[in-house]
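**Q** I'm passing along input_19.cif; it holds mmCIF, C-alpha atoms.
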```cif
data_input
loop_
_atom_site.group_PDB
_atom_site.id
_atom_site.type_symbol
_atom_site.label_atom_id
_atom_site.label_comp_id
_atom_site.auth_asym_id
_atom_site.auth_seq_id
_atom_site.Cartn_x
_atom_site.Cartn_y
_atom_site.Cartn_z
ATOM 1 C CA MET M 67 104.096 107.789 117.042
ATOM 2 C CA SER M 68 102.035 109.640 114.413
ATOM 3 C CA GLU M 69 99.837 107.756 111.966
ATOM 4 C CA LEU M 70 101.677 106.435 108.920
ATOM 5 C CA HIS M 71 101.192 108.329 105.666
ATOM 6 C CA TYR M 72 100.819 105.954 102.719
ATOM 7 C CA ARG M 73 101.397 106.931 99.079
ATOM 8 C CA HIS M 74 100.757 105.289 95.733
ATOM 9 C CA GLU M 75 103.884 104.422 93.780
ATOM 10 C CA TYR M 76 104.043 103.426 90.096
ATOM 11 C CA LYS M 77 107.245 102.417 88.293
ATOM 12 C CA TYR M 78 108.008 102.410 84.559
ATOM 13 C CA PRO M 79 111.212 101.179 82.889
ATOM 14 C CA LEU M 80 111.867 103.526 79.949
ATOM 15 C CA THR M 81 113.971 103.282 76.828
ATOM 16 C CA ASN M 82 116.097 106.324 76.046
ATOM 17 C CA GLY M 83 113.502 107.539 73.542
ATOM 18 C CA GLN M 84 110.634 107.140 76.016
ATOM 19 C CA LYS M 85 112.646 108.922 78.694
ATOM 20 C CA LEU M 86 113.227 111.953 76.444
ATOM 21 C CA ILE M 87 109.485 112.200 75.706
ATOM 22 C CA GLU M 88 108.380 111.798 79.335
ATOM 23 C CA ASP M 89 111.016 114.224 80.626
ATOM 24 C CA ALA M 90 109.913 116.856 78.116
ATOM 25 C CA LYS M 91 106.266 116.411 79.144
ATOM 26 C CA ILE M 92 106.806 116.641 82.893
ATOM 27 C CA SER M 93 109.301 119.505 82.697
ATOM 28 C CA ALA M 94 106.627 121.585 80.931
ATOM 29 C CA ILE M 95 104.271 121.483 83.928
ATOM 30 C CA ALA M 96 106.377 120.601 87.002
ATOM 31 C CA GLN M 97 109.349 122.053 88.836
ATOM 32 C CA LYS M 98 112.700 120.426 89.496
ATOM 33 C CA ASP M 99 113.140 119.450 93.124
ATOM 34 C CA THR M 100 115.109 122.164 94.923
ATOM 35 C CA HIS M 101 117.548 119.535 96.239
ATOM 36 C CA ALA M 102 118.767 118.778 92.727
ATOM 37 C CA ALA M 103 122.234 120.176 92.100
ATOM 38 C CA LYS M 104 122.984 122.658 89.331
ATOM 39 C CA GLU M 105 123.405 119.659 87.024
ATOM 40 C CA GLY M 106 119.702 118.923 87.591
ATOM 41 C CA PHE M 107 120.166 115.587 89.386
ATOM 42 C CA TYR M 108 121.636 114.119 92.550
ATOM 43 C CA ASN M 109 123.179 110.824 93.553
ATOM 44 C CA ILE M 110 121.429 108.489 95.978
ATOM 45 C CA ARG M 111 123.207 105.656 97.747
ATOM 46 C CA SER M 112 121.386 103.194 100.006
ATOM 47 C CA LEU M 113 122.654 100.344 102.160
ATOM 48 C CA TYR M 114 119.916 97.729 102.525
ATOM 49 C CA PHE M 115 119.563 95.143 105.298
ATOM 50 C CA ASP M 116 118.168 91.626 105.327
ATOM 51 C CA ASP M 117 117.880 88.848 107.899
ATOM 52 C CA TYR M 118 119.360 85.355 108.045
ATOM 53 C CA GLU M 119 116.436 83.962 106.039
ATOM 54 C CA ASN M 120 116.718 86.651 103.338
ATOM 55 C CA SER M 121 113.112 87.545 104.130
ATOM 56 C CA CYS M 122 113.163 90.976 102.451
ATOM 57 C CA TYR M 123 114.543 89.528 99.230
ATOM 58 C CA MET M 124 112.111 86.606 99.199
ATOM 59 C CA ASP M 125 109.115 88.834 100.000
ATOM 60 C CA ASN M 126 109.992 90.903 96.912
ATOM 61 C CA GLU M 127 110.441 87.823 94.748
ATOM 62 C CA ASN M 128 107.127 86.323 95.887
ATOM 63 C CA GLY M 129 105.195 89.590 95.658
ATOM 64 C CA VAL M 130 104.191 89.606 99.336
ATOM 65 C CA ASP M 131 101.843 92.566 99.789
ATOM 66 C CA GLU M 132 102.746 93.546 103.351
ATOM 67 C CA ARG M 133 106.499 93.949 103.625
ATOM 68 C CA GLU M 134 109.194 96.278 104.912
ATOM 69 C CA LYS M 135 112.785 97.203 104.143
ATOM 70 C CA TYR M 136 115.469 98.952 106.188
ATOM 71 C CA ARG M 137 118.094 101.095 104.518
ATOM 72 C CA ILE M 138 120.691 103.732 105.336
ATOM 73 C CA ARG M 139 120.716 106.555 102.800
ATOM 74 C CA ILE M 140 123.088 109.356 101.826
ATOM 75 C CA TYR M 141 122.925 111.942 99.043
ATOM 76 C CA ASN M 142 125.793 113.066 96.816
ATOM 77 C CA HIS M 143 128.270 111.076 98.953
ATOM 78 C CA ASN M 144 127.719 113.584 101.788
ATOM 79 C CA THR M 145 128.151 112.081 105.279
ATOM 80 C CA GLU M 146 126.867 115.199 107.065
ATOM 81 C CA ARG M 147 123.340 113.888 106.581
ATOM 82 C CA ILE M 148 122.892 110.140 107.075
ATOM 83 C CA THR M 149 119.364 108.766 107.401
ATOM 84 C CA LEU M 150 118.076 105.372 108.474
ATOM 85 C CA GLU M 151 114.758 104.615 106.794
ATOM 86 C CA LEU M 152 112.054 102.006 107.199
ATOM 87 C CA LYS M 153 110.014 101.652 104.015
ATOM 88 C CA GLU M 154 106.754 99.756 104.386
ATOM 89 C CA LYS M 155 104.365 98.488 101.730
ATOM 90 C CA LEU M 156 100.716 97.634 102.370
ATOM 91 C CA ARG M 157 97.978 96.949 99.818
ATOM 92 C CA GLY M 158 100.010 98.457 97.002
ATOM 93 C CA ARG M 159 100.833 101.683 98.841
ATOM 94 C CA THR M 160 104.052 102.703 100.552
ATOM 95 C CA SER M 161 105.037 104.685 103.620
ATOM 96 C CA LYS M 162 108.367 105.739 105.041
ATOM 97 C CA ARG M 163 109.658 106.386 108.546
ATOM 98 C CA SER M 164 113.146 107.685 109.205
ATOM 99 C CA CYS M 165 115.611 109.024 111.736
ATOM 100 C CA PRO M 166 119.047 110.652 111.407
ATOM 101 C CA ILE M 167 122.047 108.627 112.531
ATOM 102 C CA THR M 168 125.646 109.627 113.209
ATOM 103 C CA VAL M 169 128.683 108.586 111.194
ATOM 104 C CA SER M 170 129.874 106.378 114.060
ATOM 105 C CA GLN M 171 126.458 104.695 114.288
ATOM 106 C CA CYS M 172 126.508 104.176 110.534
ATOM 107 C CA ARG M 173 129.955 102.563 110.635
ATOM 108 C CA LYS M 174 128.776 100.210 113.374
ATOM 109 C CA LEU M 175 125.727 99.178 111.346
ATOM 110 C CA MET M 176 127.888 98.675 108.240
ATOM 111 C CA LYS M 177 129.807 96.051 110.224
ATOM 112 C CA GLY M 178 126.613 94.364 111.353
ATOM 113 C CA LEU M 179 127.019 95.700 114.905
ATOM 114 C CA ILE M 180 124.400 97.416 117.069
ATOM 115 C CA PRO M 181 125.384 100.947 118.180
ATOM 116 C CA GLU M 182 125.587 101.457 121.940
ATOM 117 C CA ASP M 183 124.456 105.106 121.820
ATOM 118 C CA ILE M 184 120.920 104.794 120.407
ATOM 119 C CA GLN M 185 118.836 107.800 121.449
ATOM 120 C CA PRO M 186 115.147 107.686 122.504
ATOM 121 C CA SER M 187 114.209 109.736 119.428
ATOM 122 C CA GLN M 188 115.773 107.167 117.082
ATOM 123 C CA GLN M 189 112.748 104.881 116.981
ATOM 124 C CA VAL M 190 113.572 103.349 113.598
ATOM 125 C CA LEU M 191 117.075 102.532 114.828
ATOM 126 C CA HIS M 192 115.603 100.928 117.959
ATOM 127 C CA LYS M 193 113.465 98.657 115.779
ATOM 128 C CA LEU M 194 116.365 97.751 113.486
ATOM 129 C CA ALA M 195 118.579 96.993 116.502
ATOM 130 C CA TYR M 196 115.915 94.616 117.815
ATOM 131 C CA LEU M 197 115.783 92.789 114.463
ATOM 132 C CA MET M 198 119.586 92.651 114.334
ATOM 133 C CA ALA M 199 119.556 90.922 117.712
ATOM 134 C CA VAL M 200 116.590 88.610 117.101
ATOM 135 C CA LYS M 201 116.651 87.898 113.345
ATOM 136 C CA LEU M 202 120.334 88.618 112.657
ATOM 137 C CA MET M 203 119.492 91.509 110.323
ATOM 138 C CA ARG M 204 122.699 92.542 108.546
ATOM 139 C CA PRO M 205 123.827 94.750 105.607
ATOM 140 C CA ALA M 206 123.032 92.974 102.322
ATOM 141 C CA VAL M 207 123.731 95.246 99.331
ATOM 142 C CA ILE M 208 124.441 98.826 98.261
ATOM 143 C CA VAL M 209 122.148 100.415 95.669
ATOM 144 C CA ASP M 210 123.639 103.470 93.941
ATOM 145 C CA TYR M 211 121.992 105.620 91.252
ATOM 146 C CA ASP M 212 121.437 109.145 89.883
ATOM 147 C CA ARG M 213 118.015 110.796 90.154
ATOM 148 C CA VAL M 214 116.339 113.605 88.201
ATOM 149 C CA PRO M 215 113.413 114.742 90.427
ATOM 150 C CA TYR M 216 110.264 116.748 89.667
ATOM 151 C CA VAL M 217 107.509 117.907 92.011
ATOM 152 C CA TYR M 218 103.975 118.857 91.011
ATOM 153 C CA ARG M 219 101.571 120.279 93.588
ATOM 154 C CA PRO M 220 98.555 121.984 92.007
ATOM 155 C CA MET M 221 95.660 122.562 94.417
ATOM 156 C CA ASP M 222 95.320 119.432 96.606
ATOM 157 C CA ALA M 223 97.595 117.163 94.556
ATOM 158 C CA ASN M 224 101.011 116.071 95.741
ATOM 159 C CA VAL M 225 102.902 114.332 92.947
ATOM 160 C CA ARG M 226 106.546 113.443 92.566
ATOM 161 C CA VAL M 227 108.004 112.146 89.303
ATOM 162 C CA THR M 228 111.598 110.927 89.221
ATOM 163 C CA PHE M 229 113.942 109.462 86.619
ATOM 164 C CA ASP M 230 116.586 107.072 87.994
ATOM 165 C CA SER M 231 119.588 106.078 85.889
ATOM 166 C CA ASN M 232 122.983 104.384 86.324
ATOM 167 C CA ILE M 233 121.419 101.981 88.852
ATOM 168 C CA THR M 234 124.350 100.016 90.259
ATOM 169 C CA SER M 235 124.515 97.017 92.579
ATOM 170 C CA VAL M 236 127.508 96.940 94.944
ATOM 171 C CA LYS M 237 128.181 93.857 97.060
ATOM 172 C CA ASP M 238 131.011 95.397 99.153
ATOM 173 C CA VAL M 239 128.909 96.907 101.946
ATOM 174 C CA ARG M 240 132.078 98.247 103.583
ATOM 175 C CA ALA M 241 132.341 100.805 100.765
ATOM 176 C CA PHE M 242 129.076 102.557 101.620
ATOM 177 C CA LEU M 243 130.697 105.799 102.840
ATOM 178 C CA ASP M 244 133.442 105.845 100.186
ATOM 179 C CA GLU M 245 133.501 108.629 97.601
ATOM 180 C CA LYS M 246 133.150 106.084 94.784
ATOM 181 C CA VAL M 247 131.706 102.594 94.718
ATOM 182 C CA TYR M 248 132.178 99.875 92.117
ATOM 183 C CA GLY M 249 129.589 97.341 91.063
ATOM 184 C CA ARG M 250 127.430 96.301 88.136
ATOM 185 C CA GLY M 251 124.475 97.878 86.382
ATOM 186 C CA VAL M 252 121.121 96.133 86.727
ATOM 187 C CA MET M 253 119.213 97.619 83.784
ATOM 188 C CA PRO M 254 119.828 97.283 80.037
ATOM 189 C CA GLU M 255 122.118 99.915 78.524
ATOM 190 C CA GLY M 256 120.276 103.208 77.993
ATOM 191 C CA TYR M 257 117.285 102.378 80.200
ATOM 192 C CA THR M 258 115.901 104.655 82.916
ATOM 193 C CA LEU M 259 113.389 103.970 85.674
ATOM 194 C CA MET M 260 110.559 106.516 86.001
ATOM 195 C CA GLU M 261 108.685 106.558 89.309
ATOM 196 C CA VAL M 262 105.372 108.357 89.853
ATOM 197 C CA LYS M 263 104.378 108.881 93.490
ATOM 198 C CA PHE M 264 101.189 110.550 94.695
ATOM 199 C CA ASP M 265 98.856 110.747 97.671
ATOM 200 C CA SER M 266 95.104 110.403 97.170
ATOM 201 C CA PHE M 267 94.688 111.054 93.433
ATOM 202 C CA LEU M 268 96.627 111.470 90.198
ATOM 203 C CA PRO M 269 95.837 114.698 88.283
ATOM 204 C CA ASP M 270 94.706 114.289 84.667
ATOM 205 C CA GLU M 271 97.743 116.114 83.327
ATOM 206 C CA ILE M 272 100.046 113.611 85.050
ATOM 207 C CA TYR M 273 97.858 110.658 84.032
ATOM 208 C CA SER M 274 98.253 111.752 80.415
ATOM 209 C CA LEU M 275 102.012 111.333 80.759
ATOM 210 C CA LEU M 276 101.478 107.631 81.272
ATOM 211 C CA GLN M 277 99.548 107.085 78.021
ATOM 212 C CA LEU M 278 102.639 106.681 75.875
ATOM 213 C CA ASN M 279 102.613 103.675 73.541
ATOM 214 C CA GLY M 280 104.562 100.794 75.013
ATOM 215 C CA LEU M 281 104.586 102.268 78.519
ATOM 216 C CA THR M 282 103.679 99.633 81.108
ATOM 217 C CA ALA M 283 103.761 99.829 84.901
ATOM 218 C CA SER M 284 106.216 97.406 86.483
ATOM 219 C CA THR M 285 106.792 95.815 89.873
ATOM 220 C CA PHE M 286 110.449 96.838 89.383
ATOM 221 C CA SER M 287 112.389 96.943 92.648
ATOM 222 C CA LYS M 288 115.865 98.457 92.587
ATOM 223 C CA TYR M 289 116.630 96.598 95.806
ATOM 224 C CA TYR M 290 115.488 93.229 94.439
ATOM 225 C CA LEU M 291 117.444 93.498 91.180
ATOM 226 C CA CYS M 292 120.558 94.706 92.990
ATOM 227 C CA ARG M 293 120.348 91.708 95.323
ATOM 228 C CA LYS M 294 119.786 89.398 92.378
ATOM 229 C CA PHE M 295 122.682 90.800 90.333
ATOM 230 C CA LYS M 296 125.137 91.827 93.008
ATOM 231 C CA GLY M 297 128.328 93.323 91.559
#
```
Will you turn the file into structure tokens for me?

**A**
Amino acid sequence: MSELHYRHEYKYPLTNGQKLIEDAKISAIAQKDTHAAKEGFYNIRSLYFDDYENSCYMDNENGVDEREKYRIRIYNHNTERITLELKEKLRGRTSKRSCPITVSQCRKLMKGLIPEDIQPSQQVLHKLAYLMAVKLMRPAVIVDYDRVPYVYRPMDANVRVTFDSNITSVKDVRAFLDEKVYGRGVMPEGYTLMEVKFDSFLPDEIYSLLQLNGLTASTFSKYYLCRKFKG
């Protein structure tokens, strides 16, 4: 397996007014992600797992530095591309490993069952299956939201700035592949979450975006809040 690639990740809850200012600033220098639909955003839905001790949830609550989360992810309710991801955090930086899974494998995992047809290339699924057998890892919550994504790659920089809104917690894990899901919002009305992700350094022009009065980095975790306030 190749060496893990870790990135820095900063999160900022924004009021509607702050969001308008930050969006205007970043759109002047960065490009919209090509995966964004003609509306300029896409929907992300993730099904997160946790074990019988709720270790993932408690690690978030206690601020444990070295932790990991498993999730199944789809975009725009499209089941043609279903990805199982392992997100790891170490010393304030994050990395992500993933593998595609089939619809039938996804439906098995949604029920808390281990698929019988795991392929050698599906290393993340192999690891999740082991934890499902040993630590009773099971689906815990659905996190659903809309994302406006920007990418900025001048010279050696690799920066991604996203604005996440309509963040919804859904407790009915059986609804993961449905066209619509129903749950409860986890942020105050009108708030948006801005995320800034980068590799080795943050360019000055992006750093200047973060100097808005009242803007403070947060340990905000969509997963943690959605577990805490399940719909």

**Q** For atom CA of Tyr289 of chain M and atom CA of His192 of chain M, quote the distance in Å rounded to one decimal.

**A**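 Atom CA of His192 of chain M lies 22.6 Å from atom CA of Tyr289 of chain M.
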
**Q** Counting all atoms listed in the file, which residues have an atom no more than 12 Å from (124.9, 117.3, 102.6) in the file's coordinates? Please list them as an MDAnalysis selection string.

**A** chainID M and resid 101:103 108:110 139:149

**Q** Evaluate the PyMOL selection byres ((chain M and resi 216) around 9) here and jot the selected residues down as a PyMOL selection string.

**A** chain M and resi 92-93+96-100+214-215+217-218+225-229

**Q** In terms of the shortest atom-to-atom distance over only C-alpha atoms, which of M:Arg213, M:Arg293, M:Asn232, M:Thr285 is closest to Gly106 of chain M?

**A**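 Among M:Arg213, M:Arg293, M:Asn232, M:Thr285, it is M:Arg213 that comes nearest to Gly106 of chain M.
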
**Q** Listing only residues of segment 190-274 of chain M within 8 Å of segment 77-89 of chain M, what is the closest atom pair and its distance in Å (to one decimal) for each, using all atoms listed in the file, sorted by chain and residue number ascending, as a tab-separated table?

**A**
```
residue	atom	partner	partner_atom	distance
M:Gly256	CA	M:Asn82	CA	5.6
M:Tyr257	CA	M:Thr81	CA	4.8
M:Thr258	CA	M:Leu80	CA	5.1
M:Leu259	CA	M:Pro79	CA	4.5
M:Met260	CA	M:Tyr78	CA	5.0
M:Glu261	CA	M:Lys77	CA	4.5
M:Val262	CA	M:Lys77	CA	6.4
```

**Q** Just say which residues the PyMOL selection byres ((chain M and resi 224) around 10) picks in this file, as a list in words.

**A**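 Checked against the file, the PyMOL selection byres ((chain M and resi 224) around 10) matches Arg73, Val217, Tyr218, Arg219, Pro220, Met221, Asp222, Ala223, Val225, Arg226, Lys263, Phe264, Asp265, Ser266, Phe267, Leu268 and Pro269 of chain M.
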
**Q** So which residues get picked by the PyMOL selection byres ((chain M and resi 290) around 12) here, written as a VMD selection string?

**A** chain M and resid 114 to 116 120 to 129 135 206 to 209 233 to 235 252 285 to 289 291 to 296

**Q** If I take atom CA of Leu156 of chain M and atom CA of Arg133 of chain M, how far is one from the other in Å, to one decimal?

**A**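 Between atom CA of Leu156 of chain M and atom CA of Arg133 of chain M the gap works out to 7.0 Å.
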
**Q** Rounded to one decimal place, report the atom CA of His74 of chain M-atom CA of Asp270 of chain M distance in Å.

**A**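 Result for atom CA of His74 of chain M versus atom CA of Asp270 of chain M: 15.5 Å, one decimal.
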
**Q** Using all atoms listed in the file, can you tell me which of M:Met176, M:Gln189, M:Thr282, M:Glu154 comes closest to Ala241 of chain M?

**A** M:Met176

**Q** Nearest residue to His71 of chain M out of M:Asn279, M:Thr160, M:Ser284, M:Ser112, using only C-alpha atoms?

**A**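 Closest to His71 of chain M, using only C-alpha atoms: M:Thr160.
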
**Q** Need to verify the contact set: Tyr136 of chain M, 8 Å, only C-alpha atoms, exclusion of same-chain residues closer than 2 positions in sequence. Can you return it as number ranges by chain?

**A** M: 114-116, 134, 138, 150-153, 194

**Q** Between M:Arg159, M:Arg173, M:Arg111, M:Lys91, which one has atoms that come closest to Lys246 of chain M, using all atoms listed in the file?

**A** M:Arg111

**Q** Have segment 81-106 of chain M completed to N, CA, C and O atoms, please, and pass it along as a PDB file, keeping the file's coordinate frame.

**A**
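As a result, result17.pdb now contains:
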```pdb
ATOM      1  N   THR M  81     112.862 103.219  77.770  1.00  0.00           N
ATOM      2  CA  THR M  81     113.971 103.282  76.828  1.00  0.00           C
ATOM      3  C   THR M  81     114.456 104.729  76.781  1.00  0.00           C
ATOM      4  O   THR M  81     113.792 105.648  77.304  1.00  0.00           O
ATOM      5  N   ASN M  82     115.583 104.965  76.134  1.00  0.00           N
ATOM      6  CA  ASN M  82     116.097 106.324  76.046  1.00  0.00           C
ATOM      7  C   ASN M  82     115.111 107.245  75.336  1.00  0.00           C
ATOM      8  O   ASN M  82     114.889 108.388  75.753  1.00  0.00           O
ATOM      9  N   GLY M  83     114.479 106.733  74.267  1.00  0.00           N
ATOM     10  CA  GLY M  83     113.502 107.539  73.542  1.00  0.00           C
ATOM     11  C   GLY M  83     112.287 107.869  74.390  1.00  0.00           C
ATOM     12  O   GLY M  83     111.796 109.010  74.388  1.00  0.00           O
ATOM     13  N   GLN M  84     111.780 106.900  75.125  1.00  0.00           N
ATOM     14  CA  GLN M  84     110.634 107.140  76.016  1.00  0.00           C
ATOM     15  C   GLN M  84     111.000 108.135  77.110  1.00  0.00           C
ATOM     16  O   GLN M  84     110.194 108.997  77.473  1.00  0.00           O
ATOM     17  N   LYS M  85     112.209 108.017  77.632  1.00  0.00           N
ATOM     18  CA  LYS M  85     112.646 108.922  78.694  1.00  0.00           C
ATOM     19  C   LYS M  85     112.674 110.367  78.202  1.00  0.00           C
ATOM     20  O   LYS M  85     112.241 111.292  78.906  1.00  0.00           O
ATOM     21  N   LEU M  86     113.168 110.595  76.992  1.00  0.00           N
ATOM     22  CA  LEU M  86     113.227 111.953  76.444  1.00  0.00           C
ATOM     23  C   LEU M  86     111.822 112.542  76.310  1.00  0.00           C
ATOM     24  O   LEU M  86     111.600 113.722  76.611  1.00  0.00           O
ATOM     25  N   ILE M  87     110.865 111.725  75.861  1.00  0.00           N
ATOM     26  CA  ILE M  87     109.485 112.200  75.706  1.00  0.00           C
ATOM     27  C   ILE M  87     108.867 112.519  77.062  1.00  0.00           C
ATOM     28  O   ILE M  87     108.266 113.590  77.257  1.00  0.00           O
ATOM     29  N   GLU M  88     108.992 111.598  78.021  1.00  0.00           N
ATOM     30  CA  GLU M  88     108.380 111.798  79.335  1.00  0.00           C
ATOM     31  C   GLU M  88     109.021 112.974  80.074  1.00  0.00           C
ATOM     32  O   GLU M  88     108.336 113.746  80.755  1.00  0.00           O
ATOM     33  N   ASP M  89     110.324 113.108  79.968  1.00  0.00           N
ATOM     34  CA  ASP M  89     111.016 114.224  80.626  1.00  0.00           C
ATOM     35  C   ASP M  89     110.546 115.555  80.059  1.00  0.00           C
ATOM     36  O   ASP M  89     110.321 116.527  80.794  1.00  0.00           O
ATOM     37  N   ALA M  90     110.390 115.618  78.741  1.00  0.00           N
ATOM     38  CA  ALA M  90     109.913 116.856  78.116  1.00  0.00           C
ATOM     39  C   ALA M  90     108.502 117.196  78.577  1.00  0.00           C
ATOM     40  O   ALA M  90     108.173 118.369  78.834  1.00  0.00           O
ATOM     41  N   LYS M  91     107.646 116.178  78.703  1.00  0.00           N
ATOM     42  CA  LYS M  91     106.266 116.411  79.144  1.00  0.00           C
ATOM     43  C   LYS M  91     106.204 116.927  80.582  1.00  0.00           C
ATOM     44  O   LYS M  91     105.516 117.911  80.872  1.00  0.00           O
ATOM     45  N   ILE M  92     106.908 116.257  81.485  1.00  0.00           N
ATOM     46  CA  ILE M  92     106.806 116.641  82.893  1.00  0.00           C
ATOM     47  C   ILE M  92     107.501 117.971  83.161  1.00  0.00           C
ATOM     48  O   ILE M  92     107.042 118.766  83.984  1.00  0.00           O
ATOM     49  N   SER M  93     108.589 118.246  82.459  1.00  0.00           N
ATOM     50  CA  SER M  93     109.301 119.505  82.697  1.00  0.00           C
ATOM     51  C   SER M  93     108.484 120.712  82.260  1.00  0.00           C
ATOM     52  O   SER M  93     108.733 121.838  82.700  1.00  0.00           O
ATOM     53  N   ALA M  94     107.473 120.486  81.393  1.00  0.00           N
ATOM     54  CA  ALA M  94     106.627 121.585  80.931  1.00  0.00           C
ATOM     55  C   ALA M  94     105.609 122.008  81.980  1.00  0.00           C
ATOM     56  O   ALA M  94     105.100 123.143  81.942  1.00  0.00           O
ATOM     57  N   ILE M  95     105.304 121.142  82.957  1.00  0.00           N
ATOM     58  CA  ILE M  95     104.271 121.483  83.928  1.00  0.00           C
ATOM     59  C   ILE M  95     104.755 121.419  85.381  1.00  0.00           C
ATOM     60  O   ILE M  95     104.086 121.925  86.277  1.00  0.00           O
ATOM     61  N   ALA M  96     105.907 120.787  85.629  1.00  0.00           N
ATOM     62  CA  ALA M  96     106.377 120.601  87.002  1.00  0.00           C
ATOM     63  C   ALA M  96     107.722 121.299  87.211  1.00  0.00           C
ATOM     64  O   ALA M  96     108.379 121.712  86.255  1.00  0.00           O
ATOM     65  N   GLN M  97     108.101 121.399  88.467  1.00  0.00           N
ATOM     66  CA  GLN M  97     109.349 122.053  88.836  1.00  0.00           C
ATOM     67  C   GLN M  97     110.377 121.006  89.266  1.00  0.00           C
ATOM     68  O   GLN M  97     110.031 119.993  89.876  1.00  0.00           O
ATOM     69  N   LYS M  98     111.638 121.282  88.982  1.00  0.00           N
ATOM     70  CA  LYS M  98     112.700 120.426  89.496  1.00  0.00           C
ATOM     71  C   LYS M  98     112.734 120.544  91.021  1.00  0.00           C
ATOM     72  O   LYS M  98     112.528 121.622  91.578  1.00  0.00           O
ATOM     73  N   ASP M  99     112.976 119.446  91.670  1.00  0.00           N
ATOM     74  CA  ASP M  99     113.140 119.450  93.124  1.00  0.00           C
ATOM     75  C   ASP M  99     114.294 120.382  93.492  1.00  0.00           C
ATOM     76  O   ASP M  99     115.345 120.381  92.846  1.00  0.00           O
ATOM     77  N   THR M 100     114.095 121.190  94.530  1.00  0.00           N
ATOM     78  CA  THR M 100     115.109 122.164  94.923  1.00  0.00           C
ATOM     79  C   THR M 100     116.393 121.511  95.410  1.00  0.00           C
ATOM     80  O   THR M 100     117.437 122.170  95.488  1.00  0.00           O
ATOM     81  N   HIS M 101     116.346 120.226  95.773  1.00  0.00           N
ATOM     82  CA  HIS M 101     117.548 119.535  96.239  1.00  0.00           C
ATOM     83  C   HIS M 101     118.451 119.091  95.096  1.00  0.00           C
ATOM     84  O   HIS M 101     119.581 118.678  95.335  1.00  0.00           O
ATOM     85  N   ALA M 102     117.938 119.159  93.865  1.00  0.00           N
ATOM     86  CA  ALA M 102     118.767 118.778  92.727  1.00  0.00           C
ATOM     87  C   ALA M 102     119.892 119.788  92.564  1.00  0.00           C
ATOM     88  O   ALA M 102     119.703 120.998  92.706  1.00  0.00           O
ATOM     89  N   ALA M 103     121.077 119.299  92.269  1.00  0.00           N
ATOM     90  CA  ALA M 103     122.234 120.176  92.100  1.00  0.00           C
ATOM     91  C   ALA M 103     122.089 120.974  90.812  1.00  0.00           C
ATOM     92  O   ALA M 103     121.112 120.814  90.064  1.00  0.00           O
ATOM     93  N   LYS M 104     123.051 121.831  90.536  1.00  0.00           N
ATOM     94  CA  LYS M 104     122.984 122.658  89.331  1.00  0.00           C
ATOM     95  C   LYS M 104     122.958 121.802  88.068  1.00  0.00           C
ATOM     96  O   LYS M 104     122.492 122.240  87.023  1.00  0.00           O
ATOM     97  N   GLU M 105     123.457 120.571  88.165  1.00  0.00           N
ATOM     98  CA  GLU M 105     123.405 119.659  87.024  1.00  0.00           C
ATOM     99  C   GLU M 105     121.997 119.145  86.780  1.00  0.00           C
ATOM    100  O   GLU M 105     121.719 118.532  85.753  1.00  0.00           O
ATOM    101  N   GLY M 106     121.079 119.355  87.750  1.00  0.00           N
ATOM    102  CA  GLY M 106     119.702 118.923  87.591  1.00  0.00           C
ATOM    103  C   GLY M 106     119.419 117.544  88.139  1.00  0.00           C
ATOM    104  O   GLY M 106     118.318 117.015  87.966  1.00  0.00           O
TER     105      GLY M 106
END
```
